[in-house]
Amino acid sequence: MAPRTHLALTLTALAATAHADPPGDALADRCRPDGRLLPAARAALAAPVADPDAQRALTEAAGMFAPTVYTTVLPTQDPAALAATIERARHPALLPRCAIATDGTRIALAVAPRLVEVLSAYDHGVLTVRAALPQSVHSPQLAVTDRDGAVTVFAFDDAASVTLPAALVPATMQVIATLAGGPIPLATWHPAPVARAPQDTLVDGRDLLAAINRERGRAGAPPLRRDPLLDAVATAHARNLAARGVIAHEPTPGDGPIERMERARLTAGLVAENLARAQSLTDAHARWMASPSHRANVLHPALDAMGLGVATRDGELYVVELFATHPSLGDGR
């Protein structure tokens, strides 16, 4: 009998020591202290402009497989400013994990979404992924990017497990599920090194569209065109998210991407949406392409049009990519 190999992705939180200082108290009711984020917080003190790949490497090395890690550096150890920063970074439906580091004057904060617990096991060369999911989520799926960059999405069964085809060699895996505000990644990890092309420097929407179409060309998908009707819907949503300080596909009930298009009197055969809070368009695009679920939207071969919305709050960009197939005004104009 062939040996059985188990790879446990230990996503249980490290024990957190009690805080007696004001910054620590500011974390208590807003996020769960997690030592696996401490390397990212310390790195932010040394290099305030975060590199998403470097942050991913730090957190995965510490045993955390968060889809995104948000870091920021505050010039003072002001508990009120720290609390406000956490509120801007957190998902409205999930208590985040966080860690702080200080050099005696500045304080760095690292925040990540609440995690799902995952166990991956190889049995006779076949990989099975099992997940312990929060009760607040439904429709869980596993998005898998293979070494060629193709994305396949699997639904978890009633036992919250997915058995992958033997021929599929995953480079990136991501658990996604739906909450009240729409679908959200809950855990992302890279069981094998991922070869990454050099990042483009994206100054504006034209650069972003060109970068997307280069990725689509490599994947054999037709190019997207920029659509001003989709631009208007995406821009309104980006401004709404920035005003609220949240990232959500449905920030209020009945305000999802399809409903927003309907209110604008737009019809389309297929609709998809990517959201990001980032330091730049380059950062946002890199995060999307490193996330199987977002990458699948970018490369979906049936999509033919894209709208872009960007808004700014507290020096950060709230970016909305809205994709569609044959969008048009409902009255045929």
# chains A, B, ... in the order shown; residues from 1 in each chain; ligands from 1
$ closest_atom_pairs --of "segment 43-113 of chain A" --to "segment 315-329 of chain A" --cutoff "12 Å" --atoms "only C-alpha atoms" --output "JSON lines"
{"residue": "A:Val49", "atom": "CA", "partner": "A:Glu316", "partner_atom": "CA", "distance": 11.6}
{"residue": "A:Tyr70", "atom": "CA", "partner": "A:Glu316", "partner_atom": "CA", "distance": 11.3}
{"residue": "A:Thr71", "atom": "CA", "partner": "A:Glu316", "partner_atom": "CA", "distance": 11.7}
{"residue": "A:Thr72", "atom": "CA", "partner": "A:Glu316", "partner_atom": "CA", "distance": 10.6}
{"residue": "A:Thr85", "atom": "CA", "partner": "A:Glu316", "partner_atom": "CA", "distance": 11.8}
{"residue": "A:Arg88", "atom": "CA", "partner": "A:Glu316", "partner_atom": "CA", "distance": 10.5}
{"residue": "A:Ala89", "atom": "CA", "partner": "A:Glu316", "partner_atom": "CA", "distance": 10.8}
$ residues_around --residues "Trp288 of chain A" --least-positions-apart "2" --cutoff "12 Å" --atoms "only C-alpha atoms" --output "JSON, numbers by chain"
{"A": [52, 53, 67, 68, 185, 208, 212, 215, 273, 274, 275, 276, 277, 278, 281, 282, 283, 284, 285, 286, 290, 291, 292, 293, 294, 295, 296, 297, 298, 299, 319, 320, 321]}
$ residues_around --residues "Leu109 of chain A" --least-positions-apart "2" --cutoff "12 Å" --atoms "only C-alpha atoms" --output "number ranges by chain"
A: 23-24, 26-27, 31, 33-35, 37-45, 48, 50, 69-77, 79, 81-87, 89, 97-102, 106-107, 111-112
$ atom_distance --atom1 "atom CA of Gly256 of chain A" --atom2 "atom CA of Arg30 of chain A"
26.2 Å
$ residues_around --residues "Gly307 of chain A" --least-positions-apart "2" --cutoff "9 Å" --atoms "only C-alpha atoms" --output "PyMOL selection string"
chain A and resi 225-235+305+309+320-324
